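*Asks:* Handing you a structure now.
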Amino acid sequence: MAAIRKQDAPGRKWDGEAMLEKGPLKALEPLQRQSVADTVFETLYRQILSLDLPPATKMSEAEVAKALGVSRQPVRDAFYRLSKLGFLLIRPQRATTVTQISESAVYQARFVRNAIEVQTVQVACDTLTSTDLAALDGIMNRQKQAVEEQDPETFHRYDDLFHKEICDRSGLEFAWDIIRENKAHMDRVRFLSLAFASRDAFEDHIRVLDALKTHDKNRAVEAMSQHLARIKEQLPRIRRNYEEFFVNEASSD
């Protein structure tokens, strides 16, 4: 995965259309045909999340379909799903663009996640089995490896899986569905934070897992709340470094 680079000089603007023409889509491996629509969605989801397709990138169904070697229908379906998550802005008769990051949407997503996941870890303390905890240990081992290898994409994938598995293994699968529908803007900030905070996130997960293993609800709630609150400290730093990725919301204050 190409590393995210800080802009070389103040005032440099990202040319989204040019990046799409050059960009990572043409180098993709052939798609798996068993679910073309899902594969197109996941491919674009990963590239937007990782900022390989940064905010303000212009996209068209025809260009993406040609780059991926598929028809336009699965691309249209993927665009719609990504727009519902908040990753794409689709406007009739105008280019579809990757949305800029909304700071207010980041904080809203953190609120939703905290409300849901604090409840989830309390249920998890009562319901997770030794098999479930062993599975979470396995995820943590993969995260540790990603930290050591400085691989943010893999780390983020297992970060999401850690939270998802706590929900699913607690019998609260719907909780992760709600979280995923609300966290697009937060996810891109989280991904950018991994350049300097992946070890902090890993250690947070260790504390959450230790609390689950001892069935300590108070400690699990505290650990999860502190973990999800880190973004409030990280967001100003990330915005200073990547101002061009963010929407100007001053007019809405």
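Chain labels follow the order of the structure tokens: the first chain is A, the next B, and so on; residue numbering restarts at 1 in every chain, and ligands are counted from 1 in their shown order.
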List the neighbours of region 124-137 of chain A out to 6 Å using only C-alpha atoms; skip same-chain residues closer than 3 positions along the sequence, and give me the result as a list of chain:residue names.
*Replies:*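 What passes the distance filter is A:Val121, A:Met140, A:Ser170, A:Leu212, A:His215.
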*Asks:* Can you list, as JSON, numbers by chain, every residue of region 26-203 of chain A that DSSP puts in strand (DSSP E or B)?
*Replies:* {"A": [58, 59, 88, 89, 96, 97, 98, 101]}
*Asks:* Which residue, A:Ala201, A:Ala62, A:Ala195, A:Ala220, has the smallest gap to Asn241 (chain A) when you use only C-alpha atoms?
*Replies:*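 Closest to Asn241 (chain A) of all the choices is A:Ala195.
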*Asks:* For Ile139 (chain A), find every residue with an atom within 12 Å (counting only C-alpha atoms), except residues of its own chain fewer than 2 positions away, and show them as number ranges by chain.
*Replies:* A: 132-137, 141-146, 154-166, 202, 205-206, 209
*Asks:* Sorted by chain and rising residue number, which residues of region 148-197 of chain A lie within 6 Å of region 87-109 of chain A, and what are their closest atom pairs and distances in Å to one decimal, counting only C-alpha atoms, as CSV?
*Replies:*
```
residue,atom,partner,partner_atom,distance
A:Asn182,CA,A:Ala109,CA,5.6
A:Lys183,CA,A:Ala109,CA,5.2
A:His185,CA,A:Val106,CA,5.4
A:Met186,CA,A:Val106,CA,4.5
```
*Asks:* Could you write out the selected residues, including C-alpha atoms, as a PDB file, in the first residue's frame?
*Replies:*
```
ATOM      1  CA  ASN A 182     -22.008   5.833  10.926  1.00  0.00           C
ATOM      2  CA  LYS A 183     -18.220   5.732  10.986  1.00  0.00           C
ATOM      3  CA  HIS A 185     -15.588  10.037   8.387  1.00  0.00           C
ATOM      4  CA  MET A 186     -14.143   8.746  11.645  1.00  0.00           C
TER       5      MET A 186
END
```
*Asks:* From the options A:Gln122, A:Arg190, A:Leu85, A:Arg239, which residue's atoms come nearest to Lys213 (chain A), counting only C-alpha atoms?
*Replies:*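 That would be A:Gln122, the residue with the smallest distance to Lys213 (chain A).
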*Asks:* Give the answer as one residue: which of A:Val36, A:Ala211, A:Ala184, A:Met224 has the shortest atom-to-atom distance to Glu117 (chain A), using only C-alpha atoms?
*Replies:* A:Met224
*Asks:* Which residues are near Ser225 (chain A)? Cut-off 8 Å, only C-alpha atoms, ignore same chain within fewer than 3 positions. Put them as number ranges by chain.
*Replies:* A: 114, 118, 221-222, 228-229
*Asks:* Export C-alpha atoms of the chosen residues as a PDB file, in the first residue's frame?
*Replies:*
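Written file, part.pdb:
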```pdb
ATOM      1  CA  ASN A 114     -19.163   5.081  22.566  1.00  0.00           C
ATOM      2  CA  VAL A 118     -19.802   0.715  26.216  1.00  0.00           C
ATOM      3  CA  VAL A 221     -16.235   0.302  30.162  1.00  0.00           C
ATOM      4  CA  GLU A 222     -13.384   2.569  31.240  1.00  0.00           C
ATOM      5  CA  LEU A 228     -12.711   5.770  21.677  1.00  0.00           C
ATOM      6  CA  ALA A 229     -11.936   9.176  23.221  1.00  0.00           C
TER       7      ALA A 229
END
```
*Asks:* Would you list the contacts of region 38-45 of chain A as number ranges by chain, taking every protein, DNA or RNA residue within 8 Å and counting only C-alpha atoms, but skipping same-chain residues closer than 5 positions in sequence?
*Replies:* A: 31-32, 68, 74-75, 77-79, 81-82
*Asks:* Please produce a file of the residues just selected, as a PDB file, in the first residue's frame, where the atoms kept are N, CA and C atoms.
*Replies:*
```pdb
ATOM      1  N   LEU A  31     -10.616  -9.254 -10.406  1.00  0.00           N
ATOM      2  CA  LEU A  31     -11.653  -9.402  -9.405  1.00  0.00           C
ATOM      3  C   LEU A  31     -12.139 -10.848  -9.324  1.00  0.00           C
ATOM      4  N   GLN A  32     -12.563 -11.233  -8.131  1.00  0.00           N
ATOM      5  CA  GLN A  32     -13.193 -12.526  -7.946  1.00  0.00           C
ATOM      6  C   GLN A  32     -14.632 -12.437  -8.465  1.00  0.00           C
ATOM      7  N   LEU A  68     -11.503  -1.512 -13.536  1.00  0.00           N
ATOM      8  CA  LEU A  68     -11.668  -2.776 -12.821  1.00  0.00           C
ATOM      9  C   LEU A  68     -12.067  -3.926 -13.734  1.00  0.00           C
ATOM     10  N   PRO A  74     -22.392  -3.078 -11.393  1.00  0.00           N
ATOM     11  CA  PRO A  74     -21.827  -3.273 -10.049  1.00  0.00           C
ATOM     12  C   PRO A  74     -21.129  -2.027  -9.519  1.00  0.00           C
ATOM     13  N   VAL A  75     -20.581  -1.208 -10.410  1.00  0.00           N
ATOM     14  CA  VAL A  75     -19.972   0.056  -9.984  1.00  0.00           C
ATOM     15  C   VAL A  75     -21.056   0.998  -9.479  1.00  0.00           C
ATOM     16  N   ASP A  77     -23.890   0.155  -8.198  1.00  0.00           N
ATOM     17  CA  ASP A  77     -24.322  -0.354  -6.887  1.00  0.00           C
ATOM     18  C   ASP A  77     -23.319   0.022  -5.796  1.00  0.00           C
ATOM     19  N   ALA A  78     -22.027  -0.108  -6.096  1.00  0.00           N
ATOM     20  CA  ALA A  78     -20.991   0.227  -5.113  1.00  0.00           C
ATOM     21  C   ALA A  78     -21.018   1.712  -4.792  1.00  0.00           C
ATOM     22  N   PHE A  79     -21.181   2.546  -5.813  1.00  0.00           N
ATOM     23  CA  PHE A  79     -21.260   3.994  -5.577  1.00  0.00           C
ATOM     24  C   PHE A  79     -22.411   4.315  -4.622  1.00  0.00           C
ATOM     25  N   ARG A  81     -23.853   2.349  -2.358  1.00  0.00           N
ATOM     26  CA  ARG A  81     -23.546   1.882  -1.001  1.00  0.00           C
ATOM     27  C   ARG A  81     -22.524   2.784  -0.318  1.00  0.00           C
ATOM     28  N   LEU A  82     -21.531   3.221  -1.065  1.00  0.00           N
ATOM     29  CA  LEU A  82     -20.512   4.109  -0.497  1.00  0.00           C
ATOM     30  C   LEU A  82     -21.096   5.479  -0.167  1.00  0.00           C
TER      31      LEU A  82
END
```
*Asks:* Where in region 83-228 of chain A does DSSP assign helix (DSSP H, G or I), given as a compact mmCIF listing (two decimals) with N, CA and C atoms, in the first residue's frame?
*Replies:*
```txt
# COMPACT_ATOMS: atom_id res chain seq x y z
N SER A 83 -22.05 5.92 -0.96
CA SER A 83 -22.69 7.21 -0.66
C SER A 83 -23.53 7.12 0.61
N LYS A 84 -24.16 5.97 0.83
CA LYS A 84 -24.96 5.80 2.05
C LYS A 84 -24.07 5.78 3.29
N LEU A 85 -22.84 5.31 3.14
CA LEU A 85 -21.89 5.31 4.25
C LEU A 85 -21.26 6.67 4.48
N GLU A 103 -15.50 17.19 10.31
CA GLU A 103 -15.11 17.09 11.71
C GLU A 103 -16.33 16.82 12.59
N SER A 104 -17.45 17.46 12.30
CA SER A 104 -18.65 17.22 13.11
C SER A 104 -19.13 15.78 12.96
N ALA A 105 -19.01 15.21 11.75
CA ALA A 105 -19.41 13.82 11.55
C ALA A 105 -18.48 12.87 12.30
N VAL A 106 -17.21 13.22 12.42
CA VAL A 106 -16.28 12.41 13.20
C VAL A 106 -16.73 12.34 14.66
N TYR A 107 -17.08 13.49 15.22
CA TYR A 107 -17.50 13.51 16.62
C TYR A 107 -18.85 12.83 16.81
N GLN A 108 -19.72 12.94 15.84
CA GLN A 108 -21.00 12.23 15.93
C GLN A 108 -20.78 10.72 15.93
N ALA A 109 -19.87 10.27 15.06
CA ALA A 109 -19.58 8.84 14.99
C ALA A 109 -18.96 8.35 16.30
N ARG A 110 -18.08 9.15 16.90
CA ARG A 110 -17.50 8.76 18.18
C ARG A 110 -18.57 8.64 19.25
N PHE A 111 -19.54 9.54 19.24
CA PHE A 111 -20.63 9.48 20.21
C PHE A 111 -21.44 8.20 20.03
N VAL A 112 -21.78 7.88 18.78
CA VAL A 112 -22.55 6.67 18.50
C VAL A 112 -21.77 5.43 18.93
N ARG A 113 -20.48 5.39 18.56
CA ARG A 113 -19.67 4.23 18.92
C ARG A 113 -19.55 4.08 20.43
N ASN A 114 -19.31 5.18 21.12
CA ASN A 114 -19.16 5.08 22.57
C ASN A 114 -20.45 4.59 23.22
N ALA A 115 -21.59 5.13 22.78
CA ALA A 115 -22.87 4.72 23.36
C ALA A 115 -23.11 3.23 23.17
N ILE A 116 -22.80 2.73 21.98
CA ILE A 116 -23.06 1.32 21.67
C ILE A 116 -22.01 0.41 22.29
N GLU A 117 -20.74 0.76 22.14
CA GLU A 117 -19.69 -0.18 22.53
C GLU A 117 -19.49 -0.26 24.04
N VAL A 118 -19.83 0.80 24.75
CA VAL A 118 -19.80 0.72 26.22
C VAL A 118 -20.82 -0.31 26.69
N GLN A 119 -21.99 -0.32 26.08
CA GLN A 119 -23.00 -1.32 26.42
C GLN A 119 -22.55 -2.72 25.98
N THR A 120 -21.92 -2.77 24.82
CA THR A 120 -21.51 -4.06 24.27
C THR A 120 -20.49 -4.76 25.16
N VAL A 121 -19.49 -4.04 25.66
CA VAL A 121 -18.47 -4.70 26.48
C VAL A 121 -19.06 -5.18 27.81
N GLN A 122 -20.09 -4.52 28.28
CA GLN A 122 -20.74 -5.01 29.50
C GLN A 122 -21.42 -6.35 29.25
N VAL A 123 -22.10 -6.45 28.10
CA VAL A 123 -22.71 -7.73 27.74
C VAL A 123 -21.62 -8.78 27.51
N ALA A 124 -20.53 -8.36 26.86
CA ALA A 124 -19.44 -9.28 26.55
C ALA A 124 -18.84 -9.88 27.81
N CYS A 125 -18.75 -9.10 28.87
CA CYS A 125 -18.20 -9.62 30.13
C CYS A 125 -19.01 -10.80 30.65
N ASP A 126 -20.29 -10.81 30.33
CA ASP A 126 -21.16 -11.90 30.81
C ASP A 126 -21.26 -13.07 29.84
N THR A 127 -20.95 -12.83 28.57
CA THR A 127 -21.28 -13.84 27.56
C THR A 127 -20.09 -14.49 26.86
N SER A 130 -14.37 -18.97 26.64
CA SER A 130 -12.92 -19.09 26.48
C SER A 130 -12.55 -19.18 25.00
N THR A 131 -13.40 -19.79 24.20
CA THR A 131 -13.16 -19.86 22.76
C THR A 131 -13.21 -18.47 22.13
N ASP A 132 -14.20 -17.68 22.55
CA ASP A 132 -14.31 -16.30 22.06
C ASP A 132 -13.07 -15.49 22.42
N LEU A 133 -12.63 -15.62 23.66
CA LEU A 133 -11.48 -14.84 24.12
C LEU A 133 -10.21 -15.27 23.39
N ALA A 134 -10.11 -16.56 23.10
CA ALA A 134 -8.96 -17.05 22.34
C ALA A 134 -8.95 -16.45 20.93
N ALA A 135 -10.13 -16.32 20.34
CA ALA A 135 -10.22 -15.71 19.01
C ALA A 135 -9.78 -14.25 19.06
N LEU A 136 -10.16 -13.53 20.11
CA LEU A 136 -9.73 -12.14 20.25
C LEU A 136 -8.22 -12.07 20.48
N ASP A 137 -7.66 -13.03 21.21
CA ASP A 137 -6.21 -13.09 21.36
C ASP A 137 -5.52 -13.23 20.01
N GLY A 138 -6.11 -14.04 19.13
CA GLY A 138 -5.53 -14.23 17.80
C GLY A 138 -5.53 -12.94 17.01
N ILE A 139 -6.60 -12.17 17.12
CA ILE A 139 -6.67 -10.87 16.45
C ILE A 139 -5.59 -9.94 16.99
N MET A 140 -5.40 -9.97 18.30
CA MET A 140 -4.39 -9.11 18.91
C MET A 140 -2.98 -9.48 18.43
N ASN A 141 -2.74 -10.76 18.22
CA ASN A 141 -1.44 -11.18 17.70
C ASN A 141 -1.19 -10.61 16.30
N ARG A 142 -2.25 -10.59 15.48
CA ARG A 142 -2.11 -10.02 14.15
C ARG A 142 -1.90 -8.51 14.21
N GLN A 143 -2.57 -7.86 15.15
CA GLN A 143 -2.37 -6.42 15.32
C GLN A 143 -0.96 -6.11 15.77
N LYS A 144 -0.44 -6.90 16.69
CA LYS A 144 0.92 -6.68 17.17
C LYS A 144 1.91 -6.79 16.02
N GLN A 145 1.71 -7.78 15.17
CA GLN A 145 2.58 -7.96 14.01
C GLN A 145 2.49 -6.74 13.08
N ALA A 146 1.27 -6.23 12.88
CA ALA A 146 1.09 -5.06 12.01
C ALA A 146 1.77 -3.83 12.58
N VAL A 147 1.75 -3.67 13.91
CA VAL A 147 2.45 -2.56 14.55
C VAL A 147 3.94 -2.67 14.29
N GLU A 148 4.48 -3.86 14.49
CA GLU A 148 5.92 -4.07 14.33
C GLU A 148 6.35 -3.88 12.88
N PRO A 152 -0.21 -0.01 8.40
CA PRO A 152 -1.46 0.56 8.91
C PRO A 152 -2.70 -0.07 8.31
N GLU A 153 -2.64 -0.50 7.05
CA GLU A 153 -3.83 -1.08 6.43
C GLU A 153 -4.22 -2.38 7.12
N THR A 154 -3.24 -3.24 7.37
CA THR A 154 -3.53 -4.49 8.07
C THR A 154 -3.97 -4.21 9.50
N PHE A 155 -3.30 -3.26 10.15
CA PHE A 155 -3.68 -2.92 11.52
C PHE A 155 -5.14 -2.47 11.56
N HIS A 156 -5.51 -1.59 10.65
CA HIS A 156 -6.87 -1.07 10.67
C HIS A 156 -7.88 -2.19 10.43
N ARG A 157 -7.56 -3.12 9.54
CA ARG A 157 -8.47 -4.23 9.25
C ARG A 157 -8.71 -5.05 10.52
N TYR A 158 -7.64 -5.34 11.26
CA TYR A 158 -7.81 -6.14 12.48
C TYR A 158 -8.34 -5.30 13.65
N ASP A 159 -8.13 -4.00 13.59
CA ASP A 159 -8.75 -3.10 14.56
C ASP A 159 -10.27 -3.21 14.44
N ASP A 160 -10.77 -3.06 13.22
CA ASP A 160 -12.21 -3.20 12.98
C ASP A 160 -12.70 -4.59 13.40
N LEU A 161 -11.92 -5.61 13.05
CA LEU A 161 -12.34 -6.98 13.35
C LEU A 161 -12.43 -7.21 14.86
N PHE A 162 -11.52 -6.62 15.62
CA PHE A 162 -11.56 -6.74 17.07
C PHE A 162 -12.89 -6.22 17.62
N HIS A 163 -13.27 -5.04 17.19
CA HIS A 163 -14.52 -4.45 17.68
C HIS A 163 -15.73 -5.24 17.17
N LYS A 164 -15.68 -5.65 15.91
CA LYS A 164 -16.79 -6.40 15.32
C LYS A 164 -16.99 -7.73 16.04
N GLU A 165 -15.89 -8.43 16.33
CA GLU A 165 -16.00 -9.73 16.96
C GLU A 165 -16.56 -9.63 18.38
N ILE A 166 -16.23 -8.56 19.08
CA ILE A 166 -16.82 -8.38 20.42
C ILE A 166 -18.33 -8.26 20.29
N CYS A 167 -18.79 -7.49 19.31
CA CYS A 167 -20.24 -7.36 19.09
C CYS A 167 -20.85 -8.69 18.70
N ASP A 168 -20.27 -9.33 17.67
CA ASP A 168 -20.86 -10.55 17.13
C ASP A 168 -20.87 -11.68 18.16
N ARG A 169 -19.76 -11.86 18.87
CA ARG A 169 -19.65 -12.96 19.81
C ARG A 169 -20.46 -12.72 21.09
N GLU A 173 -24.84 -8.68 16.86
CA GLU A 173 -24.36 -8.43 15.51
C GLU A 173 -24.90 -7.12 14.95
N PHE A 174 -26.14 -6.80 15.30
CA PHE A 174 -26.76 -5.58 14.78
C PHE A 174 -26.00 -4.33 15.23
N ALA A 175 -25.33 -4.42 16.38
CA ALA A 175 -24.61 -3.26 16.90
C ALA A 175 -23.51 -2.84 15.94
N TRP A 176 -22.77 -3.81 15.41
CA TRP A 176 -21.70 -3.45 14.48
C TRP A 176 -22.26 -2.91 13.17
N ASP A 177 -23.41 -3.41 12.74
CA ASP A 177 -24.04 -2.86 11.54
C ASP A 177 -24.34 -1.37 11.71
N ILE A 178 -24.86 -1.00 12.87
CA ILE A 178 -25.16 0.40 13.14
C ILE A 178 -23.88 1.23 13.17
N ILE A 179 -22.86 0.69 13.82
CA ILE A 179 -21.58 1.40 13.90
C ILE A 179 -21.00 1.63 12.52
N ARG A 180 -20.97 0.60 11.69
CA ARG A 180 -20.36 0.72 10.36
C ARG A 180 -21.09 1.75 9.52
N GLU A 181 -22.39 1.85 9.68
CA GLU A 181 -23.16 2.82 8.90
C GLU A 181 -22.84 4.27 9.28
N ASN A 182 -22.21 4.48 10.42
CA ASN A 182 -22.01 5.83 10.93
C ASN A 182 -20.55 6.28 11.01
N ALA A 184 -17.81 6.37 8.64
CA ALA A 184 -16.94 6.60 7.48
C ALA A 184 -15.97 7.75 7.71
N HIS A 185 -16.47 8.88 8.18
CA HIS A 185 -15.59 10.04 8.39
C HIS A 185 -14.57 9.75 9.50
N MET A 186 -15.03 9.10 10.55
CA MET A 186 -14.14 8.75 11.65
C MET A 186 -13.05 7.78 11.19
N ASP A 187 -13.41 6.86 10.30
CA ASP A 187 -12.45 5.85 9.87
C ASP A 187 -11.24 6.45 9.17
N ARG A 188 -11.46 7.47 8.35
CA ARG A 188 -10.33 8.05 7.63
C ARG A 188 -9.40 8.80 8.59
N VAL A 189 -9.98 9.42 9.61
CA VAL A 189 -9.14 10.06 10.63
C VAL A 189 -8.38 9.01 11.41
N ARG A 190 -9.05 7.93 11.76
CA ARG A 190 -8.38 6.85 12.48
C ARG A 190 -7.23 6.28 11.66
N PHE A 191 -7.45 6.11 10.35
CA PHE A 191 -6.39 5.57 9.51
C PHE A 191 -5.18 6.50 9.50
N LEU A 192 -5.43 7.79 9.36
CA LEU A 192 -4.32 8.75 9.36
C LEU A 192 -3.60 8.76 10.70
N SER A 193 -4.33 8.52 11.78
CA SER A 193 -3.72 8.53 13.12
C SER A 193 -2.75 7.38 13.31
N LEU A 194 -2.88 6.32 12.52
CA LEU A 194 -2.05 5.14 12.73
C LEU A 194 -0.58 5.41 12.41
N ALA A 195 -0.29 6.49 11.70
CA ALA A 195 1.10 6.85 11.43
C ALA A 195 1.85 7.16 12.71
N PHE A 196 1.13 7.58 13.76
CA PHE A 196 1.80 7.93 15.01
C PHE A 196 1.14 7.31 16.25
N ALA A 197 0.01 6.61 16.08
CA ALA A 197 -0.72 6.16 17.27
C ALA A 197 -1.16 4.70 17.20
N SER A 198 -0.58 3.90 16.32
CA SER A 198 -1.02 2.50 16.24
C SER A 198 -0.70 1.73 17.52
N ARG A 199 0.45 2.02 18.12
CA ARG A 199 0.80 1.31 19.36
C ARG A 199 -0.14 1.69 20.49
N ASP A 200 -0.55 2.95 20.56
CA ASP A 200 -1.52 3.35 21.57
C ASP A 200 -2.83 2.59 21.39
N ALA A 201 -3.29 2.48 20.14
CA ALA A 201 -4.53 1.75 19.87
C ALA A 201 -4.39 0.28 20.26
N PHE A 202 -3.24 -0.30 19.94
CA PHE A 202 -3.00 -1.70 20.30
C PHE A 202 -3.05 -1.89 21.81
N GLU A 203 -2.38 -1.02 22.55
CA GLU A 203 -2.36 -1.14 24.01
C GLU A 203 -3.75 -0.91 24.61
N ASP A 204 -4.55 -0.04 23.98
CA ASP A 204 -5.94 0.14 24.41
C ASP A 204 -6.70 -1.17 24.28
N HIS A 205 -6.51 -1.85 23.16
CA HIS A 205 -7.20 -3.12 22.94
C HIS A 205 -6.78 -4.17 23.96
N ILE A 206 -5.51 -4.17 24.31
CA ILE A 206 -5.03 -5.10 25.33
C ILE A 206 -5.77 -4.87 26.65
N ARG A 207 -5.95 -3.61 27.01
CA ARG A 207 -6.66 -3.29 28.26
C ARG A 207 -8.13 -3.71 28.19
N VAL A 208 -8.75 -3.50 27.04
CA VAL A 208 -10.14 -3.95 26.89
C VAL A 208 -10.22 -5.46 27.03
N LEU A 209 -9.34 -6.16 26.35
CA LEU A 209 -9.37 -7.62 26.38
C LEU A 209 -9.07 -8.17 27.78
N ASP A 210 -8.13 -7.58 28.47
CA ASP A 210 -7.84 -8.02 29.84
C ASP A 210 -9.06 -7.88 30.74
N ALA A 211 -9.80 -6.78 30.56
CA ALA A 211 -11.02 -6.57 31.36
C ALA A 211 -12.08 -7.61 31.01
N LEU A 212 -12.19 -7.95 29.74
CA LEU A 212 -13.16 -8.97 29.33
C LEU A 212 -12.79 -10.34 29.92
N LYS A 213 -11.50 -10.63 29.95
CA LYS A 213 -11.06 -11.92 30.47
C LYS A 213 -11.35 -12.07 31.96
N LYS A 217 -16.66 -5.46 34.45
CA LYS A 217 -17.44 -4.55 33.61
C LYS A 217 -16.98 -3.10 33.75
N ASN A 218 -16.70 -2.68 34.97
CA ASN A 218 -16.28 -1.29 35.17
C ASN A 218 -14.99 -0.99 34.42
N ARG A 219 -14.05 -1.92 34.49
CA ARG A 219 -12.77 -1.71 33.84
C ARG A 219 -12.92 -1.81 32.31
N ALA A 220 -13.81 -2.67 31.85
CA ALA A 220 -14.04 -2.79 30.41
C ALA A 220 -14.65 -1.51 29.85
N VAL A 221 -15.61 -0.95 30.59
CA VAL A 221 -16.24 0.30 30.16
C VAL A 221 -15.21 1.43 30.13
N GLU A 222 -14.40 1.51 31.17
CA GLU A 222 -13.38 2.57 31.24
C GLU A 222 -12.38 2.43 30.10
N ALA A 223 -11.93 1.21 29.84
CA ALA A 223 -10.93 0.99 28.79
C ALA A 223 -11.50 1.31 27.41
N MET A 224 -12.73 0.90 27.16
CA MET A 224 -13.33 1.17 25.85
C MET A 224 -13.58 2.67 25.68
N SER A 225 -14.06 3.32 26.72
CA SER A 225 -14.33 4.77 26.63
C SER A 225 -13.05 5.55 26.37
N GLN A 226 -11.98 5.20 27.06
CA GLN A 226 -10.71 5.89 26.86
C GLN A 226 -10.18 5.65 25.45
N HIS A 227 -10.36 4.44 24.96
CA HIS A 227 -9.90 4.09 23.61
C HIS A 227 -10.62 4.95 22.56
N LEU A 228 -11.93 5.04 22.67
CA LEU A 228 -12.71 5.77 21.68
C LEU A 228 -12.56 7.28 21.82
```
*Asks:* What is the CA of Arg46 (chain A)-CA of Met59 (chain A) distance in Å, reported with one decimal?
*Replies:*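 For CA of Arg46 (chain A) relative to CA of Met59 (chain A), the distance reads 15.2 Å.
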